[in-house]
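Printed here is run30.cif (mmCIF, C-alpha atoms and all ligand atoms):
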data_final
loop_
_atom_site.group_PDB
_atom_site.id
_atom_site.type_symbol
_atom_site.label_atom_id
_atom_site.label_comp_id
_atom_site.auth_asym_id
_atom_site.auth_seq_id
_atom_site.Cartn_x
_atom_site.Cartn_y
_atom_site.Cartn_z
ATOM 1 C CA MET A 1409 7.678 -8.306 -10.455
ATOM 2 C CA ILE A 1410 10.653 -8.427 -8.071
ATOM 3 C CA LEU A 1411 11.653 -4.901 -7.023
ATOM 4 C CA ASN A 1412 14.564 -5.880 -4.747
ATOM 5 C CA TRP A 1413 13.434 -3.605 -1.940
ATOM 6 C CA ILE A 1414 14.721 -6.197 0.531
ATOM 7 C CA ASN A 1415 17.241 -9.015 0.737
ATOM 8 C CA PRO A 1416 14.869 -11.903 1.592
ATOM 9 C CA GLU A 1417 17.725 -13.935 3.101
ATOM 10 C CA GLU A 1418 17.834 -11.432 5.969
ATOM 11 C CA PHE A 1419 14.171 -11.906 6.925
ATOM 12 C CA SER A 1420 12.622 -14.441 9.243
ATOM 13 C CA PHE A 1421 9.506 -16.266 8.049
ATOM 14 C CA SER A 1422 8.014 -15.113 11.366
ATOM 15 C CA SER A 1423 7.659 -11.688 9.690
ATOM 16 C CA PHE A 1424 4.325 -13.028 8.448
ATOM 17 C CA LEU A 1425 3.094 -12.982 12.069
ATOM 18 C CA LEU A 1426 3.030 -9.186 11.778
ATOM 19 C CA MET A 1427 0.548 -9.151 8.921
ATOM 20 C CA ASP A 1428 -3.087 -8.086 8.859
ATOM 21 C CA ARG A 1429 -6.004 -10.241 7.877
ATOM 22 C CA TRP A 1430 -6.346 -8.757 4.373
ATOM 23 C CA ILE A 1431 -2.683 -9.509 3.587
ATOM 24 C CA VAL A 1432 -2.906 -13.050 5.001
ATOM 25 C CA ARG A 1433 -6.000 -13.600 2.840
ATOM 26 C CA MET A 1434 -4.264 -12.245 -0.259
ATOM 27 C CA ILE A 1435 -1.147 -14.386 0.270
ATOM 28 C CA SER A 1436 -3.148 -17.530 1.056
ATOM 29 C CA THR A 1437 -5.764 -17.360 -1.664
ATOM 30 C CA GLN A 1438 -4.860 -15.044 -4.529
ATOM 31 C CA TYR A 1439 -2.026 -17.016 -6.081
ATOM 32 C CA ALA A 1440 -3.819 -20.363 -6.428
ATOM 33 C CA GLY A 1441 -2.745 -20.691 -10.085
ATOM 34 C CA TRP A 1442 0.944 -19.990 -9.376
ATOM 35 C CA HIS A 1443 2.034 -23.464 -8.373
ATOM 36 C CA GLU A 1444 5.668 -22.660 -7.642
ATOM 37 C CA PHE A 1445 4.439 -20.105 -5.101
ATOM 38 C CA THR A 1446 1.784 -22.294 -3.457
ATOM 39 C CA ASN A 1447 4.223 -25.239 -3.254
ATOM 40 C CA ASN A 1448 6.809 -23.087 -1.499
ATOM 41 C CA LEU A 1449 4.207 -21.453 0.749
ATOM 42 C CA GLY A 1450 2.899 -24.916 1.699
ATOM 43 C CA ILE A 1451 6.410 -26.018 2.723
ATOM 44 C CA ALA A 1452 7.093 -22.794 4.618
ATOM 45 C CA LEU A 1453 3.800 -23.074 6.523
ATOM 46 C CA LYS A 1454 4.189 -26.791 7.260
ATOM 47 C CA TYR A 1455 7.576 -26.207 8.894
ATOM 48 C CA ASN A 1456 6.442 -22.983 10.628
ATOM 49 C CA PRO A 1457 3.310 -24.258 12.408
ATOM 50 C CA THR A 1458 2.932 -21.081 14.457
ATOM 51 C CA VAL A 1459 2.672 -19.024 11.264
ATOM 52 C CA ALA A 1460 0.233 -21.567 9.768
ATOM 53 C CA TRP A 1461 -1.867 -21.375 12.964
ATOM 54 C CA TYR A 1462 -1.771 -17.558 12.875
ATOM 55 C CA PHE A 1463 -2.827 -17.476 9.198
ATOM 56 C CA ALA A 1464 -5.828 -19.726 9.862
ATOM 57 C CA GLN A 1465 -6.888 -17.783 12.997
ATOM 58 C CA ARG A 1466 -6.347 -14.362 11.481
ATOM 59 C CA SER A 1467 -8.114 -15.197 8.230
ATOM 60 C CA PRO A 1468 -10.514 -18.111 8.825
ATOM 61 C CA GLU A 1469 -11.828 -17.731 5.277
ATOM 62 C CA SER A 1470 -8.349 -18.777 4.054
ATOM 63 C CA LYS A 1471 -8.161 -21.930 6.206
ATOM 64 C CA PRO A 1472 -9.207 -24.371 3.436
ATOM 65 C CA SER A 1473 -6.425 -23.145 1.095
ATOM 66 C CA ILE A 1474 -3.902 -23.125 3.945
ATOM 67 C CA ASP A 1475 -4.814 -26.690 4.925
ATOM 68 C CA ASP A 1476 -4.540 -27.845 1.286
ATOM 69 C CA MET A 1477 -1.115 -26.241 0.797
ATOM 70 C CA VAL A 1478 0.249 -27.677 4.049
ATOM 71 C CA ALA A 1479 -1.176 -31.149 3.284
ATOM 72 C CA ALA A 1480 0.533 -31.137 -0.122
ATOM 73 C CA ALA A 1481 3.966 -30.226 1.332
ATOM 74 C CA PRO A 1482 6.516 -33.066 1.649
ATOM 75 C CA SER A 1483 7.529 -34.358 5.071
ATOM 76 C CA ASP A 1484 11.103 -34.715 6.373
ATOM 77 C CA LEU A 1485 12.642 -31.909 4.331
ATOM 78 C CA PRO A 1486 16.114 -30.836 5.461
ATOM 79 C CA PRO A 1487 16.394 -27.340 7.001
ATOM 80 C CA ASP A 1488 18.109 -25.846 3.922
ATOM 81 C CA GLU A 1489 15.208 -26.924 1.663
ATOM 82 C CA VAL A 1490 12.745 -25.360 4.088
ATOM 83 C CA ARG A 1491 14.746 -22.146 4.194
ATOM 84 C CA LYS A 1492 14.816 -22.062 0.373
ATOM 85 C CA ALA A 1493 11.021 -22.232 0.363
ATOM 86 C CA GLU A 1494 10.756 -19.498 3.008
ATOM 87 C CA VAL A 1495 13.075 -17.220 1.045
ATOM 88 C CA PHE A 1496 11.095 -17.840 -2.155
ATOM 89 C CA VAL A 1497 7.885 -16.740 -0.423
ATOM 90 C CA ILE A 1498 9.491 -13.739 1.289
ATOM 91 C CA ARG A 1499 10.975 -12.583 -2.039
ATOM 92 C CA ALA A 1500 7.712 -13.108 -3.931
ATOM 93 C CA MET A 1501 5.762 -11.149 -1.274
ATOM 94 C CA GLU A 1502 8.372 -8.416 -0.706
ATOM 95 C CA THR A 1503 5.882 -5.626 -1.423
ATOM 96 C CA SER A 1504 3.775 -6.898 1.502
ATOM 97 C CA VAL A 1505 6.715 -7.903 3.729
ATOM 98 C CA VAL A 1506 7.933 -4.291 3.762
ATOM 99 C CA TYR A 1507 4.608 -3.191 5.285
ATOM 100 C CA ALA A 1508 5.700 -5.060 8.423
ATOM 101 C CA TYR A 1509 8.917 -3.001 8.509
ATOM 102 C CA PRO A 1510 7.928 0.635 7.837
ATOM 103 C CA ASP A 1511 11.444 1.940 8.578
ATOM 104 C CA ILE A 1512 12.836 -0.346 5.881
ATOM 105 C CA MET A 1513 10.033 0.712 3.530
ATOM 106 C CA GLN A 1514 10.854 4.368 4.129
ATOM 107 C CA ARG A 1515 14.572 3.694 3.551
ATOM 108 C CA ASN A 1516 14.493 1.187 0.656
ATOM 109 C CA CYS A 1517 11.468 2.051 -1.475
ATOM 110 C CA ASP A 1518 12.518 4.443 -4.231
ATOM 111 C CA TYR A 1519 8.963 5.748 -4.701
ATOM 112 C CA ILE A 1520 9.240 7.152 -1.160
ATOM 113 C CA TYR A 1521 12.861 8.221 -0.655
ATOM 114 C CA ASP A 1522 13.312 9.708 -4.135
ATOM 115 C CA TRP A 1523 10.117 11.756 -4.046
ATOM 116 C CA ASP A 1524 9.795 15.559 -3.955
ATOM 117 C CA LYS A 1525 6.682 16.925 -2.233
ATOM 118 C CA ASN A 1526 6.443 19.796 -4.741
ATOM 119 C CA LEU A 1527 5.113 17.164 -7.149
ATOM 120 C CA LEU A 1528 2.040 17.018 -4.896
ATOM 121 C CA PHE A 1529 1.753 20.752 -4.299
ATOM 122 C CA GLU A 1530 1.635 21.360 -8.082
ATOM 123 C CA LEU A 1531 -1.647 19.454 -8.277
ATOM 124 C CA ALA A 1532 -3.808 21.547 -5.920
ATOM 125 C CA ASP A 1533 -3.681 24.336 -3.367
ATOM 126 C CA PHE A 1534 -3.621 22.566 0.005
ATOM 127 C CA THR A 1535 -3.677 25.755 2.065
ATOM 128 C CA ASP A 1536 -6.095 25.373 4.991
ATOM 129 C CA LYS A 1537 -7.841 22.424 3.317
ATOM 130 C CA LEU A 1538 -9.405 19.329 4.881
ATOM 131 C CA VAL A 1539 -7.619 16.427 3.224
ATOM 132 C CA LEU A 1540 -7.970 12.644 3.140
ATOM 133 C CA ASP A 1541 -5.072 10.400 2.099
ATOM 134 C CA VAL A 1542 -6.311 6.908 1.247
ATOM 135 C CA GLY A 1543 -3.820 4.053 1.730
ATOM 136 C CA SER A 1544 -1.247 6.353 3.324
ATOM 137 C CA GLY A 1545 1.516 3.792 3.890
ATOM 138 C CA THR A 1546 4.282 5.548 5.779
ATOM 139 C CA GLY A 1547 2.534 8.875 5.117
ATOM 140 C CA ARG A 1548 4.505 10.154 2.118
ATOM 141 C CA LEU A 1549 1.562 12.226 0.856
ATOM 142 C CA ALA A 1550 -0.173 12.833 4.189
ATOM 143 C CA PHE A 1551 2.786 14.435 5.975
ATOM 144 C CA ALA A 1552 3.609 16.561 2.930
ATOM 145 C CA ALA A 1553 0.027 17.836 2.680
ATOM 146 C CA ALA A 1554 -0.017 18.527 6.429
ATOM 147 C CA GLU A 1555 2.585 21.264 5.936
ATOM 148 C CA LYS A 1556 -0.145 23.367 4.298
ATOM 149 C CA ALA A 1557 -3.508 21.789 5.105
ATOM 150 C CA ARG A 1558 -5.757 22.489 8.090
ATOM 151 C CA ARG A 1559 -5.990 18.759 8.851
ATOM 152 C CA VAL A 1560 -5.084 15.553 7.059
ATOM 153 C CA TYR A 1561 -6.755 12.212 7.736
ATOM 154 C CA ALA A 1562 -4.347 9.397 6.880
ATOM 155 C CA SER A 1563 -6.377 6.258 6.207
ATOM 156 C CA GLU A 1564 -4.426 3.019 6.133
ATOM 157 C CA PRO A 1565 -5.538 -0.647 6.393
ATOM 158 C CA THR A 1566 -2.165 -1.992 7.624
ATOM 159 C CA ASP A 1567 -1.691 -1.904 11.374
ATOM 160 C CA MET A 1568 2.124 -1.636 11.355
ATOM 161 C CA LEU A 1569 1.920 1.374 9.022
ATOM 162 C CA ARG A 1570 -0.743 3.108 11.096
ATOM 163 C CA GLU A 1571 1.499 2.677 14.140
ATOM 164 C CA TYR A 1572 4.502 3.999 12.195
ATOM 165 C CA MET A 1573 2.593 7.179 11.339
ATOM 166 C CA ARG A 1574 1.313 7.570 14.912
ATOM 167 C CA ASP A 1575 4.869 7.243 16.262
ATOM 168 C CA LYS A 1576 6.060 9.873 13.783
ATOM 169 C CA ILE A 1577 3.250 12.253 14.793
ATOM 170 C CA ILE A 1578 4.341 12.001 18.448
ATOM 171 C CA ARG A 1579 8.083 12.094 17.702
ATOM 172 C CA GLU A 1580 7.841 15.137 15.433
ATOM 173 C CA ASN A 1581 4.936 16.790 17.262
ATOM 174 C CA ILE A 1582 2.754 17.006 14.147
ATOM 175 C CA PRO A 1583 -0.565 18.482 15.317
ATOM 176 C CA ASN A 1584 -2.788 18.126 12.242
ATOM 177 C CA VAL A 1585 -2.526 14.520 11.017
ATOM 178 C CA THR A 1586 -5.055 11.957 12.245
ATOM 179 C CA VAL A 1587 -4.425 8.291 11.465
ATOM 180 C CA VAL A 1588 -7.415 6.010 10.839
ATOM 181 C CA ASP A 1589 -8.171 2.523 9.528
ATOM 182 C CA GLY A 1590 -9.997 2.117 6.215
ATOM 183 C CA THR A 1591 -9.785 1.026 2.615
ATOM 184 C CA VAL A 1592 -10.498 2.738 -0.670
ATOM 185 C CA GLN A 1593 -13.524 0.474 -1.082
ATOM 186 C CA THR A 1594 -15.065 1.612 2.224
ATOM 187 C CA ILE A 1595 -13.903 5.038 3.332
ATOM 188 C CA PRO A 1596 -15.041 5.633 6.920
ATOM 189 C CA TYR A 1597 -16.441 9.147 6.366
ATOM 190 C CA GLU A 1598 -19.714 10.838 5.503
ATOM 191 C CA ASP A 1599 -20.495 12.090 2.005
ATOM 192 C CA ASP A 1600 -19.051 15.479 0.942
ATOM 193 C CA THR A 1601 -16.492 15.725 3.771
ATOM 194 C CA PHE A 1602 -13.122 16.622 2.215
ATOM 195 C CA ASP A 1603 -11.712 19.406 0.054
ATOM 196 C CA ILE A 1604 -9.046 17.056 -1.338
ATOM 197 C CA VAL A 1605 -9.000 13.256 -1.453
ATOM 198 C CA MET A 1606 -5.680 11.818 -2.552
ATOM 199 C CA SER A 1607 -3.876 8.515 -2.898
ATOM 200 C CA GLY A 1608 -0.717 7.045 -4.398
ATOM 201 C CA HIS A 1609 -0.206 3.455 -5.612
ATOM 202 C CA VAL A 1610 -3.657 2.472 -4.334
ATOM 203 C CA VAL A 1611 -6.339 2.950 -7.003
ATOM 204 C CA GLY A 1612 -6.520 0.493 -9.877
ATOM 205 C CA ASP A 1613 -8.058 -2.836 -8.887
ATOM 206 C CA ASP A 1614 -11.639 -1.720 -9.556
ATOM 207 C CA TYR A 1615 -11.765 1.825 -10.967
ATOM 208 C CA ASP A 1616 -15.558 2.194 -10.954
ATOM 209 C CA ARG A 1617 -15.983 1.226 -7.317
ATOM 210 C CA GLU A 1618 -12.899 3.040 -6.055
ATOM 211 C CA ILE A 1619 -13.554 6.316 -7.863
ATOM 212 C CA ALA A 1620 -17.219 6.255 -6.836
ATOM 213 C CA GLU A 1621 -16.104 5.959 -3.190
ATOM 214 C CA LEU A 1622 -13.459 8.708 -3.507
ATOM 215 C CA THR A 1623 -16.042 10.934 -5.217
ATOM 216 C CA ARG A 1624 -18.607 10.271 -2.477
ATOM 217 C CA VAL A 1625 -16.440 11.767 0.274
ATOM 218 C CA VAL A 1626 -15.111 14.787 -1.655
ATOM 219 C CA LYS A 1627 -17.024 18.085 -1.469
ATOM 220 C CA ASP A 1628 -18.563 19.742 -4.495
ATOM 221 C CA GLY A 1629 -15.716 21.584 -6.240
ATOM 222 C CA GLY A 1630 -13.066 19.492 -4.461
ATOM 223 C CA TRP A 1631 -10.215 17.498 -5.969
ATOM 224 C CA ILE A 1632 -9.341 13.828 -6.318
ATOM 225 C CA ILE A 1633 -5.601 13.313 -6.740
ATOM 226 C CA ASP A 1634 -3.580 10.218 -7.654
ATOM 227 C CA CYS A 1635 0.085 10.987 -7.015
ATOM 228 C CA ILE A 1636 2.511 8.077 -7.230
ATOM 229 C CA GLY A 1637 6.117 8.452 -6.121
ATOM 230 C CA GLU A 1638 9.359 8.294 -8.079
ATOM 231 C CA ASP A 1639 10.729 5.045 -9.491
ATOM 232 C CA ASN A 1640 12.389 3.675 -12.620
ATOM 233 C CA LEU A 1641 9.365 1.879 -14.071
ATOM 234 C CA LYS A 1642 8.284 2.397 -17.666
ATOM 235 C CA ARG A 1643 4.534 2.995 -17.859
ATOM 236 C CA THR A 1644 1.922 4.493 -20.110
ATOM 237 C CA VAL A 1645 -0.864 6.864 -19.154
ATOM 238 C CA LYS A 1646 -3.866 5.210 -17.481
ATOM 239 C CA ASP A 1647 -6.722 5.522 -19.964
ATOM 240 C CA GLU A 1648 -9.029 4.219 -17.228
ATOM 241 C CA LEU A 1649 -8.475 7.490 -15.352
ATOM 242 C CA LEU A 1650 -8.557 9.768 -18.414
ATOM 243 C CA LYS A 1651 -11.883 8.374 -19.537
ATOM 244 C CA ARG A 1652 -13.281 9.045 -16.059
ATOM 245 C CA GLY A 1653 -12.418 12.739 -16.347
ATOM 246 C CA PHE A 1654 -8.913 12.914 -14.818
ATOM 247 C CA GLU A 1655 -6.163 15.060 -16.340
ATOM 248 C CA SER A 1656 -2.627 13.698 -16.320
ATOM 249 C CA PHE A 1657 0.750 15.268 -15.606
ATOM 250 C CA TYR A 1658 3.818 13.468 -16.950
ATOM 251 C CA HIS A 1659 7.504 13.626 -16.122
ATOM 252 C CA VAL A 1660 10.539 11.368 -16.314
ATOM 253 C CA SER A 1661 11.981 10.538 -12.909
ATOM 254 C CA LYS A 1662 15.711 10.994 -12.334
ATOM 255 C CA THR A 1663 16.098 7.203 -12.635
ATOM 256 C CA GLY A 1664 14.278 7.180 -15.993
ATOM 257 C CA GLY A 1665 10.799 6.103 -14.912
ATOM 258 C CA ASP A 1666 7.636 7.350 -16.640
ATOM 259 C CA ILE A 1667 5.667 9.042 -13.875
ATOM 260 C CA TYR A 1668 2.065 10.119 -14.350
ATOM 261 C CA ARG A 1669 0.152 12.076 -11.740
ATOM 262 C CA TYR A 1670 -3.592 12.639 -12.059
ATOM 263 C CA ARG A 1671 -6.201 15.008 -10.744
ATOM 264 C CA LYS A 1672 -9.899 15.579 -11.211
ATOM 265 C CA ARG A 1673 -12.120 18.436 -10.064
ATOM 266 C CA VAL A 1674 -15.383 17.035 -8.776
ATOM 267 C CA TRP A 1675 -18.634 18.845 -9.497
ATOM 268 C CA LYS A 1676 -21.746 17.356 -7.916
HETATM 269 C C1 LIG A 1701 2.568 0.940 -2.293
HETATM 270 S S1 LIG A 1701 1.899 1.504 -0.773
HETATM 271 C C2 LIG A 1701 1.742 3.255 -1.068
HETATM 272 C C3 LIG A 1701 1.711 4.048 0.197
HETATM 273 C C4 LIG A 1701 1.496 5.545 0.004
HETATM 274 N N1 LIG A 1701 0.202 5.834 -0.595
HETATM 275 C C5 LIG A 1701 2.567 6.134 -0.837
HETATM 276 O O1 LIG A 1701 2.316 6.329 -2.035
HETATM 277 O O2 LIG A 1701 3.658 6.383 -0.328
HETATM 278 C C6 LIG A 1701 0.216 0.987 -0.910
HETATM 279 C C7 LIG A 1701 -0.565 1.240 0.369
HETATM 280 O O3 LIG A 1701 -1.944 0.961 0.152
HETATM 281 C C8 LIG A 1701 -2.450 0.250 1.265
HETATM 282 N N2 LIG A 1701 -3.602 -0.525 0.764
HETATM 283 C C9 LIG A 1701 -3.636 -1.792 0.343
HETATM 284 N N3 LIG A 1701 -4.889 -2.129 -0.025
HETATM 285 C C10 LIG A 1701 -5.641 -1.029 0.169
HETATM 286 C C11 LIG A 1701 -7.025 -0.730 -0.021
HETATM 287 N N4 LIG A 1701 -7.866 -1.641 -0.483
HETATM 288 N N5 LIG A 1701 -7.461 0.502 0.300
HETATM 289 C C12 LIG A 1701 -6.604 1.438 0.759
HETATM 290 N N6 LIG A 1701 -5.284 1.219 0.942
HETATM 291 C C13 LIG A 1701 -4.821 0.010 0.653
HETATM 292 C C14 LIG A 1701 -1.282 -0.585 1.749
HETATM 293 O O4 LIG A 1701 -1.454 -0.988 3.084
HETATM 294 C C15 LIG A 1701 -0.139 0.379 1.541
HETATM 295 O O5 LIG A 1701 0.056 1.194 2.641
#
Would you put the structure from the file into structure tokens?
Amino acid sequence: MILNWINPEEFSFSSFLLMDRWIVRMISTQYAGWHEFTNNLGIALKYNPTVAWYFAQRSPESKPSIDDMVAAAPSDLPPDEVRKAEVFVIRAMETSVVYAYPDIMQRNCDYIYDWDKNLLFELADFTDKLVLDVGSGTGRLAFAAAEKARRVYASEPTDMLREYMRDKIIRENIPNVTVVDGTVQTIPYEDDTFDIVMSGHVVGDDYDREIAELTRVVKDGGWIIDCIGEDNLKRTVKDELLKRGFESFYHVSKTGGDIYRYRKRVWK
């Protein structure tokens, strides 16, 4: 789905040099059946050998697919054909490209700029709580929670986004947000640590594993929250969350999107 968060023509293919291993792996291996994408990626990598080298060094497990795509790309393409391929890949991967440009993400992504933090505060009392935000991004949820919580740990697997949050903490002198690496599959904390564990636009690839991990680090009587931002997308309620004991809260965003927020009280 193209969300038009960026104009791909304005971006250099070198943007991919800013990406983390997990994103390089995803781009290089997860779209094997989408031939238009792999053909264009092969061309873009063949004519950007530094990016191809970086991909293979950063994610050695992806090297065989990278080598195959580059080998299949035609030689002697004119610069405009190469640029067309680069733009195709940048457009197709826009949701990852924005992670390399957190300021643009903050400015252009409707789920962030259109969001009202009261939508989070309605879901639990954050006062003086110890909170974990998993997959924080630019810190939409983490910085909101920090206005009430004792401390918020903002866990984020993308380096550029961790740095964005750290810069904001220094710039705005925010004393109670700590930025850490980590994924929802492997949260770097002991069992029963947090009063509230929250995320937005993160859970959903593997509900059993992800919810087990979120549940592990929340204290008895604590909350797990899934609070997406505002957008214009039409969606239905996630039965996968309801059947695992979450309650849902629904509203229509001002741009007409169906927004569901979820929470679950955890008893151990
Ligand atoms: C669409 S953004 C949402 C950011 C933020 N939660 C928000 O709602 O504003 C998704 C975020 O999840 C992070 N992410 C990707 N895979 C992840 C994983 N396996 N575990 C945790 N976070 C992940 C991305 O780096 C990105 O920051």
Checklist entry - Which residues form the shell of 6 Å around ligand LIG 1701 (chain A) when you count all atoms listed in the file, given as a VMD selection string? => result chain A and resid 1520 1542 to 1545 1548 1564 to 1566 1591 to 1592 1607 to 1610 1636 to 1637
Next on the checklist: Could you list, as a PyMOL selection string, every residue within 12 Å of A:Val1626, counting all atoms listed in the file and ignoring same-chain residues fewer than 5 positions away?
Outcome noted: chain A and resi 1537-1541+1595+1597-1606+1619-1621+1631-1633+1672-1676
Checklist entry - Of the candidates A:Lys1646, A:Arg1671, A:His1443, A:Arg1624, which one gets nearest to A:Gly1612 if we count all atoms listed in the file? => result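 For A:Gly1612, the nearest of the candidates is A:Lys1646.
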Item to check | Pairwise distance for atom CA of A:Ile1451 and atom CA of A:Val1490, rounded to one decimal in Å | outcome: 6.5 Å
Using 9 Å as the limit and counting only C-alpha atoms, can you tabulate each residue of stretch 1483-1592 of chain A that touches stretch 1409-1432 of chain A, with its shortest atom-to-atom distance in Å and the two atoms involved, as JSON lines?
{"residue": "A:Arg1491", "atom": "CA", "partner": "A:Phe1421", "partner_atom": "CA", "distance": 8.8}
{"residue": "A:Glu1494", "atom": "CA", "partner": "A:Phe1421", "partner_atom": "CA", "distance": 6.1}
{"residue": "A:Val1495", "atom": "CA", "partner": "A:Pro1416", "partner_atom": "CA", "distance": 5.6}
{"residue": "A:Phe1496", "atom": "CA", "partner": "A:Pro1416", "partner_atom": "CA", "distance": 8.0}
{"residue": "A:Val1497", "atom": "CA", "partner": "A:Phe1421", "partner_atom": "CA", "distance": 8.6}
{"residue": "A:Ile1498", "atom": "CA", "partner": "A:Pro1416", "partner_atom": "CA", "distance": 5.7}
{"residue": "A:Arg1499", "atom": "CA", "partner": "A:Pro1416", "partner_atom": "CA", "distance": 5.4}
{"residue": "A:Ala1500", "atom": "CA", "partner": "A:Ile1410", "partner_atom": "CA", "distance": 6.9}
{"residue": "A:Met1501", "atom": "CA", "partner": "A:Ile1410", "partner_atom": "CA", "distance": 8.8}
{"residue": "A:Glu1502", "atom": "CA", "partner": "A:Ile1414", "partner_atom": "CA", "distance": 6.8}
{"residue": "A:Thr1503", "atom": "CA", "partner": "A:Trp1413", "partner_atom": "CA", "distance": 7.8}
{"residue": "A:Ser1504", "atom": "CA", "partner": "A:Ile1431", "partner_atom": "CA", "distance": 7.3}
{"residue": "A:Val1505", "atom": "CA", "partner": "A:Ser1423", "partner_atom": "CA", "distance": 7.1}
{"residue": "A:Val1506", "atom": "CA", "partner": "A:Ile1414", "partner_atom": "CA", "distance": 7.8}
{"residue": "A:Tyr1507", "atom": "CA", "partner": "A:Met1427", "partner_atom": "CA", "distance": 8.1}
{"residue": "A:Ala1508", "atom": "CA", "partner": "A:Leu1426", "partner_atom": "CA", "distance": 6.0}
{"residue": "A:Tyr1509", "atom": "CA", "partner": "A:Ser1423", "partner_atom": "CA", "distance": 8.9}
{"residue": "A:Ile1512", "atom": "CA", "partner": "A:Ile1414", "partner_atom": "CA", "distance": 8.1}
{"residue": "A:Met1513", "atom": "CA", "partner": "A:Trp1413", "partner_atom": "CA", "distance": 7.8}
{"residue": "A:Asn1516", "atom": "CA", "partner": "A:Trp1413", "partner_atom": "CA", "distance": 5.6}
{"residue": "A:Cys1517", "atom": "CA", "partner": "A:Trp1413", "partner_atom": "CA", "distance": 6.0}
{"residue": "A:Asp1518", "atom": "CA", "partner": "A:Trp1413", "partner_atom": "CA", "distance": 8.4}
{"residue": "A:Pro1565", "atom": "CA", "partner": "A:Asp1428", "partner_atom": "CA", "distance": 8.2}
{"residue": "A:Thr1566", "atom": "CA", "partner": "A:Asp1428", "partner_atom": "CA", "distance": 6.3}
{"residue": "A:Asp1567", "atom": "CA", "partner": "A:Asp1428", "partner_atom": "CA", "distance": 6.8}
{"residue": "A:Met1568", "atom": "CA", "partner": "A:Leu1426", "partner_atom": "CA", "distance": 7.6}
Within 12 Å of stretch 1524-1529 of chain A, counting all atoms listed in the file, which residues qualify if same-chain residues fewer than 2 places away don't, as a short mmCIF file (atom, residue, chain, number, x, y, z; two decimals) with C-alpha atoms, keeping the file's coordinate frame?
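Heads up, here's the output in selection_4.cif:
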data_model
loop_
_atom_site.label_atom_id
_atom_site.label_comp_id
_atom_site.auth_asym_id
_atom_site.auth_seq_id
_atom_site.Cartn_x
_atom_site.Cartn_y
_atom_site.Cartn_z
CA ASP A 1518 12.52 4.44 -4.23
CA TYR A 1519 8.96 5.75 -4.70
CA ILE A 1520 9.24 7.15 -1.16
CA TYR A 1521 12.86 8.22 -0.66
CA ASP A 1522 13.31 9.71 -4.14
CA LEU A 1531 -1.65 19.45 -8.28
CA ALA A 1532 -3.81 21.55 -5.92
CA ASP A 1533 -3.68 24.34 -3.37
CA PHE A 1534 -3.62 22.57 0.00
CA THR A 1535 -3.68 25.76 2.06
CA ASP A 1541 -5.07 10.40 2.10
CA GLY A 1547 2.53 8.88 5.12
CA ARG A 1548 4.50 10.15 2.12
CA LEU A 1549 1.56 12.23 0.86
CA ALA A 1550 -0.17 12.83 4.19
CA PHE A 1551 2.79 14.44 5.98
CA ALA A 1552 3.61 16.56 2.93
CA ALA A 1553 0.03 17.84 2.68
CA ALA A 1554 -0.02 18.53 6.43
CA GLU A 1555 2.58 21.26 5.94
CA LYS A 1556 -0.14 23.37 4.30
CA ALA A 1557 -3.51 21.79 5.11
CA ILE A 1604 -9.05 17.06 -1.34
CA MET A 1606 -5.68 11.82 -2.55
CA SER A 1607 -3.88 8.52 -2.90
CA GLY A 1608 -0.72 7.04 -4.40
CA ILE A 1632 -9.34 13.83 -6.32
CA ILE A 1633 -5.60 13.31 -6.74
CA ASP A 1634 -3.58 10.22 -7.65
CA CYS A 1635 0.08 10.99 -7.02
CA ILE A 1636 2.51 8.08 -7.23
CA GLY A 1637 6.12 8.45 -6.12
CA GLU A 1638 9.36 8.29 -8.08
CA ASP A 1639 10.73 5.04 -9.49
CA PHE A 1657 0.75 15.27 -15.61
CA TYR A 1658 3.82 13.47 -16.95
CA HIS A 1659 7.50 13.63 -16.12
CA SER A 1661 11.98 10.54 -12.91
CA LYS A 1662 15.71 10.99 -12.33
CA ILE A 1667 5.67 9.04 -13.88
CA TYR A 1668 2.06 10.12 -14.35
CA ARG A 1669 0.15 12.08 -11.74
CA TYR A 1670 -3.59 12.64 -12.06
CA ARG A 1671 -6.20 15.01 -10.74
#
